[in-house]
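S.K.: Just dropping this structure here.
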Amino acid sequence: MNTPTTVVNDYLHRLAIDHVPLADLSSLRTLHRTHLATIPLEDLGGCEDAAGTLPGLLNRITQQRRGAPATQLNLAFAMLLVGLGFTVTPLTVTPNRLNSPRGIPRLALAVHLEADPYLVDVSGAGPDGPLLLQDKQGQAASIDGFEIRMPDGALGVRGSDGPRYRVAAARGLMDALEPDALIRSKAVRPQIGEEAPVLSIRRQRGRTTLIGDHLIETNGTARTDVLLAPNQGARVIRERFGVVPSAREERCLCARSR
């Protein structure tokens, strides 16, 4: 599996990185952090124009400057990492704080640096940097502390505010990263249905999140939750997340908010 150089260059341009990073831990941390702050989690709750294919997904992110649902974000990031010389294998993560079918279970990544595997998840649901999977002690991520532990024999990730998700090898998939298989796999396919849109992006000291008609901003320990007026969603998506919905997507979003 190879990632074309043009895709790598376009992806780095989207991230505003003007050099080709080395395949090392320092670069992985920078790429992970920059991705979270640049490319939003974008799930329009059934209103989206689905990418459908891996080239379509990469075009959506690098050329259309859009985000993507959790699994697709991690798959696209995997293609960038592979193109930069990293060794990447798939993981299935199952969030255990969300009572919702959206993205459960979904794809995360194991990035192998020499003998050390690191958990990487650019969906915004986990830490803002890679976590060493073999280290069961607490690990710092800039706004939270995480630990890897083995509850009931299953690998888990725990944040300072409680359990985040369980981690397992991607079910029904080979150890190697197979993008076409991942796109087709029911184990990591996003659940598209009549749900509210969700967008989220990392800020310097917090996060901006849109869930349905609620715009939630966190900054350190401060938190605001603003209820949007009907039909404001598309404007907020453009202004706060840098995402420009298509005309069809915008009509769908407006119809949902009435």
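By convention here, the chains of the structure tokens are called A, B, ... in the order presented, each chain's residues are numbered starting at 1, and ligands are numbered starting at 1 in the order presented.
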Give me the residues near Arg223 in chain A as number ranges by chain, where near means some atom within 12 Å (using only C-alpha atoms) and where sequence neighbours in that chain fewer than 2 positions away do not count.
M.R.: A: 205-209, 215-221, 225-226
S.K.: So how many Å separate CA of Ile211 in chain A and CA of Leu228 in chain A, to one decimal?
M.R.: 10.4 Å
S.K.: For the interface of range 42-117 of chain A with range 5-11 of chain A (cut-off 9 Å, counting only C-alpha atoms), please tabulate each contacting residue of range 42-117 of chain A alongside its nearest pair of atoms and their separation in Å to one decimal, rows sorted by chain and increasing number, as CSV.
M.R.:
```
residue,atom,partner,partner_atom,distance
A:Leu58,CA,A:Val7,CA,7.5
A:Asn59,CA,A:Val7,CA,8.5
A:Ile61,CA,A:Tyr11,CA,7.7
A:Thr62,CA,A:Tyr11,CA,5.4
A:Gln63,CA,A:Asp10,CA,7.7
A:Phe77,CA,A:Tyr11,CA,9.0
A:Met79,CA,A:Val8,CA,8.2
A:Leu80,CA,A:Val8,CA,5.7
A:Leu81,CA,A:Val8,CA,8.6
A:Gly83,CA,A:Val8,CA,6.2
A:Leu84,CA,A:Val8,CA,7.5
```
S.K.: As a PyMOL selection string, please: the residues near range 236-253 of chain A (cut-off 7 Å, only C-alpha atoms, same-chain neighbours under 2 positions excluded).
M.R.: chain A and resi 40+47-49+66+232-234+255-257
S.K.: May I have the residues within 6 Å of range 162-169 of chain A as a ChimeraX atom specification, using only C-alpha atoms and disregarding those fewer than 3 positions away in the same chain?
M.R.: /A:91-96,155-159
S.K.: Generate a file of the selected residues that holds C-alpha atoms, formatted as a PDB file, in the first residue's frame.
M.R.:
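Contents of again.pdb, as written:
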```pdb
ATOM      1  CA  LEU A  91      -7.302  -0.983  15.935  1.00  0.00           C
ATOM      2  CA  THR A  92     -10.959  -1.117  16.866  1.00  0.00           C
ATOM      3  CA  VAL A  93     -11.922   1.211  19.706  1.00  0.00           C
ATOM      4  CA  THR A  94     -15.295   1.013  21.411  1.00  0.00           C
ATOM      5  CA  PRO A  95     -16.254   4.156  23.347  1.00  0.00           C
ATOM      6  CA  ASN A  96     -17.786   3.225  26.685  1.00  0.00           C
ATOM      7  CA  LEU A 155      -6.924  -3.206  26.851  1.00  0.00           C
ATOM      8  CA  GLY A 156      -8.525   0.081  27.861  1.00  0.00           C
ATOM      9  CA  VAL A 157      -7.763   3.791  27.856  1.00  0.00           C
ATOM     10  CA  ARG A 158      -8.768   5.810  30.884  1.00  0.00           C
ATOM     11  CA  GLY A 159      -8.804   9.596  31.139  1.00  0.00           C
TER      12      GLY A 159
END
```
S.K.: Quick one: distance from CA of Ala51 in chain A to CA of Tyr118 in chain A in Å, one decimal?
M.R.: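 Computed distance, CA of Ala51 in chain A to CA of Tyr118 in chain A, equals 27.8 Å.
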S.K.: What gap, in Å, lies between CA of Val82 in chain A and CA of Ile148 in chain A?
M.R.: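 Those two atoms sit 24.8 Å apart.
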S.K.: Just the residues within 12 Å of Phe86 in chain A, please, counting only C-alpha atoms, with nothing from its chain fewer than 2 positions along; format it as a PyMOL selection string.
M.R.: chain A and resi 2-3+21-25+27-28+31+77-84+88-89+109-114+117-118+177
S.K.: Go ahead and write the selection's residues with N, CA, C and O atoms as a short mmCIF file (atom, residue, chain, number, x, y, z; two decimals), in the first residue's frame.
M.R.:
```cif
data_model
loop_
_atom_site.label_atom_id
_atom_site.label_comp_id
_atom_site.auth_asym_id
_atom_site.auth_seq_id
_atom_site.Cartn_x
_atom_site.Cartn_y
_atom_site.Cartn_z
N ASN A 2 0.70 2.10 -0.98
CA ASN A 2 1.48 3.32 -1.09
C ASN A 2 0.55 4.52 -1.14
O ASN A 2 -0.54 4.46 -1.71
N THR A 3 1.00 5.62 -0.57
CA THR A 3 0.27 6.87 -0.67
C THR A 3 1.01 7.76 -1.65
O THR A 3 2.20 8.03 -1.47
N PRO A 21 7.99 15.71 7.39
CA PRO A 21 8.44 15.26 8.71
C PRO A 21 9.13 13.89 8.63
O PRO A 21 8.83 13.07 7.76
N LEU A 22 10.03 13.66 9.57
CA LEU A 22 10.63 12.34 9.72
C LEU A 22 9.63 11.40 10.37
O LEU A 22 8.69 11.81 11.06
N ALA A 23 9.84 10.10 10.18
CA ALA A 23 8.95 9.09 10.79
C ALA A 23 9.44 8.77 12.18
O ALA A 23 9.95 7.67 12.45
N ASP A 24 9.30 9.73 13.10
CA ASP A 24 9.75 9.52 14.48
C ASP A 24 8.69 10.03 15.44
O ASP A 24 7.66 10.60 15.03
N LEU A 25 8.92 9.82 16.74
CA LEU A 25 7.92 10.15 17.74
C LEU A 25 7.65 11.65 17.81
O LEU A 25 6.51 12.08 17.95
N SER A 27 7.80 13.86 15.42
CA SER A 27 6.96 14.22 14.28
C SER A 27 5.54 13.70 14.45
O SER A 27 4.57 14.39 14.12
N LEU A 28 5.41 12.48 14.98
CA LEU A 28 4.08 11.91 15.19
C LEU A 28 3.28 12.79 16.16
O LEU A 28 2.09 13.04 15.94
N LEU A 31 2.26 15.99 14.26
CA LEU A 31 1.21 15.70 13.27
C LEU A 31 -0.13 15.46 13.96
O LEU A 31 -1.17 15.95 13.50
N PHE A 77 -5.72 9.89 8.10
CA PHE A 77 -4.46 10.18 8.80
C PHE A 77 -3.49 9.02 8.63
O PHE A 77 -2.28 9.23 8.47
N ALA A 78 -4.00 7.80 8.65
CA ALA A 78 -3.15 6.63 8.44
C ALA A 78 -2.47 6.69 7.07
O ALA A 78 -1.29 6.36 6.95
N MET A 79 -3.22 7.12 6.06
CA MET A 79 -2.63 7.20 4.72
C MET A 79 -1.51 8.24 4.67
O MET A 79 -0.50 8.06 4.00
N LEU A 80 -1.70 9.35 5.38
CA LEU A 80 -0.62 10.34 5.47
C LEU A 80 0.60 9.74 6.16
O LEU A 80 1.73 9.86 5.67
N LEU A 81 0.38 9.07 7.30
CA LEU A 81 1.50 8.50 8.05
C LEU A 81 2.26 7.46 7.22
O LEU A 81 3.49 7.43 7.22
N VAL A 82 1.52 6.61 6.53
CA VAL A 82 2.16 5.60 5.68
C VAL A 82 3.01 6.28 4.60
O VAL A 82 4.14 5.87 4.32
N GLY A 83 2.47 7.34 4.02
CA GLY A 83 3.21 8.07 3.00
C GLY A 83 4.47 8.72 3.52
O GLY A 83 5.41 8.98 2.76
N LEU A 84 4.52 8.97 4.82
CA LEU A 84 5.70 9.57 5.45
C LEU A 84 6.69 8.53 5.97
O LEU A 84 7.73 8.88 6.51
N VAL A 88 1.83 1.45 10.23
CA VAL A 88 0.52 1.65 10.85
C VAL A 88 -0.32 0.39 10.72
O VAL A 88 -0.37 -0.22 9.65
N THR A 89 -0.96 -0.02 11.80
CA THR A 89 -1.92 -1.12 11.76
C THR A 89 -3.23 -0.64 12.40
O THR A 89 -3.23 0.28 13.22
N LEU A 109 -5.72 3.81 15.42
CA LEU A 109 -4.49 3.36 14.79
C LEU A 109 -3.45 2.94 15.82
O LEU A 109 -3.37 3.53 16.91
N ALA A 110 -2.68 1.95 15.46
CA ALA A 110 -1.45 1.62 16.18
C ALA A 110 -0.29 2.01 15.27
O ALA A 110 -0.17 1.51 14.16
N VAL A 111 0.53 2.93 15.74
CA VAL A 111 1.70 3.38 14.97
C VAL A 111 2.94 2.81 15.66
O VAL A 111 3.16 3.02 16.85
N HIS A 112 3.72 2.05 14.90
CA HIS A 112 4.84 1.30 15.45
C HIS A 112 6.15 2.04 15.21
O HIS A 112 6.56 2.25 14.07
N LEU A 113 6.79 2.44 16.31
CA LEU A 113 8.08 3.09 16.24
C LEU A 113 9.10 2.16 16.87
O LEU A 113 9.12 1.98 18.10
N GLU A 114 9.91 1.51 16.03
CA GLU A 114 10.81 0.44 16.46
C GLU A 114 9.97 -0.64 17.17
O GLU A 114 9.06 -1.18 16.60
N PRO A 117 4.58 0.25 20.17
CA PRO A 117 3.34 0.63 19.49
C PRO A 117 2.66 1.79 20.24
O PRO A 117 2.55 1.78 21.46
N TYR A 118 2.18 2.77 19.47
CA TYR A 118 1.50 3.92 20.04
C TYR A 118 0.06 3.98 19.54
O TYR A 118 -0.20 3.78 18.35
N LEU A 177 -2.75 -2.68 7.43
CA LEU A 177 -3.76 -1.67 7.16
C LEU A 177 -4.25 -1.84 5.72
O LEU A 177 -3.49 -1.66 4.78
#
```
S.K.: Report as a ChimeraX atom specification all protein, DNA and RNA residues lying within 10 Å of Asp135 in chain A, evaluated on only C-alpha atoms, omitting residues in the same chain fewer than 3 positions from it.
M.R.: /A:116-118,131-132,138-139,147-149
S.K.: Can you write just those residues out, N, CA, C and O atoms, as a PDB file, in the first residue's frame?
M.R.:
```pdb
ATOM      1  N   ASP A 116       8.030  -0.144  19.815  1.00  0.00           N
ATOM      2  CA  ASP A 116       6.988   0.461  20.641  1.00  0.00           C
ATOM      3  C   ASP A 116       5.754   0.814  19.816  1.00  0.00           C
ATOM      4  O   ASP A 116       5.846   1.610  18.872  1.00  0.00           O
ATOM      5  N   PRO A 117       4.575   0.249  20.173  1.00  0.00           N
ATOM      6  CA  PRO A 117       3.339   0.629  19.489  1.00  0.00           C
ATOM      7  C   PRO A 117       2.656   1.788  20.236  1.00  0.00           C
ATOM      8  O   PRO A 117       2.551   1.781  21.457  1.00  0.00           O
ATOM      9  N   TYR A 118       2.182   2.772  19.473  1.00  0.00           N
ATOM     10  CA  TYR A 118       1.502   3.923  20.042  1.00  0.00           C
ATOM     11  C   TYR A 118       0.056   3.976  19.544  1.00  0.00           C
ATOM     12  O   TYR A 118      -0.200   3.777  18.348  1.00  0.00           O
ATOM     13  N   LEU A 131      -0.328   7.666  22.605  1.00  0.00           N
ATOM     14  CA  LEU A 131      -0.149   6.995  23.886  1.00  0.00           C
ATOM     15  C   LEU A 131       0.593   5.684  23.679  1.00  0.00           C
ATOM     16  O   LEU A 131       0.239   4.900  22.796  1.00  0.00           O
ATOM     17  N   LEU A 132       1.601   5.447  24.473  1.00  0.00           N
ATOM     18  CA  LEU A 132       2.361   4.206  24.390  1.00  0.00           C
ATOM     19  C   LEU A 132       1.501   3.059  24.901  1.00  0.00           C
ATOM     20  O   LEU A 132       1.114   3.032  26.073  1.00  0.00           O
ATOM     21  N   GLY A 138       0.141   6.356  34.085  1.00  0.00           N
ATOM     22  CA  GLY A 138      -0.436   7.584  33.564  1.00  0.00           C
ATOM     23  C   GLY A 138       0.485   8.235  32.542  1.00  0.00           C
ATOM     24  O   GLY A 138       1.703   8.220  32.681  1.00  0.00           O
ATOM     25  N   GLN A 139      -0.103   8.775  31.485  1.00  0.00           N
ATOM     26  CA  GLN A 139       0.637   9.480  30.455  1.00  0.00           C
ATOM     27  C   GLN A 139      -0.003  10.843  30.252  1.00  0.00           C
ATOM     28  O   GLN A 139      -1.224  10.965  30.195  1.00  0.00           O
ATOM     29  N   GLU A 147      -4.272   6.878  31.156  1.00  0.00           N
ATOM     30  CA  GLU A 147      -3.514   5.682  31.479  1.00  0.00           C
ATOM     31  C   GLU A 147      -4.045   4.530  30.639  1.00  0.00           C
ATOM     32  O   GLU A 147      -5.216   4.489  30.257  1.00  0.00           O
ATOM     33  N   ILE A 148      -3.154   3.627  30.309  1.00  0.00           N
ATOM     34  CA  ILE A 148      -3.512   2.387  29.621  1.00  0.00           C
ATOM     35  C   ILE A 148      -3.684   1.324  30.683  1.00  0.00           C
ATOM     36  O   ILE A 148      -2.814   1.145  31.544  1.00  0.00           O
ATOM     37  N   ARG A 149      -4.780   0.614  30.672  1.00  0.00           N
ATOM     38  CA  ARG A 149      -4.975  -0.416  31.685  1.00  0.00           C
ATOM     39  C   ARG A 149      -5.673  -1.622  31.081  1.00  0.00           C
ATOM     40  O   ARG A 149      -6.126  -1.589  29.942  1.00  0.00           O
TER      41      ARG A 149
END
```
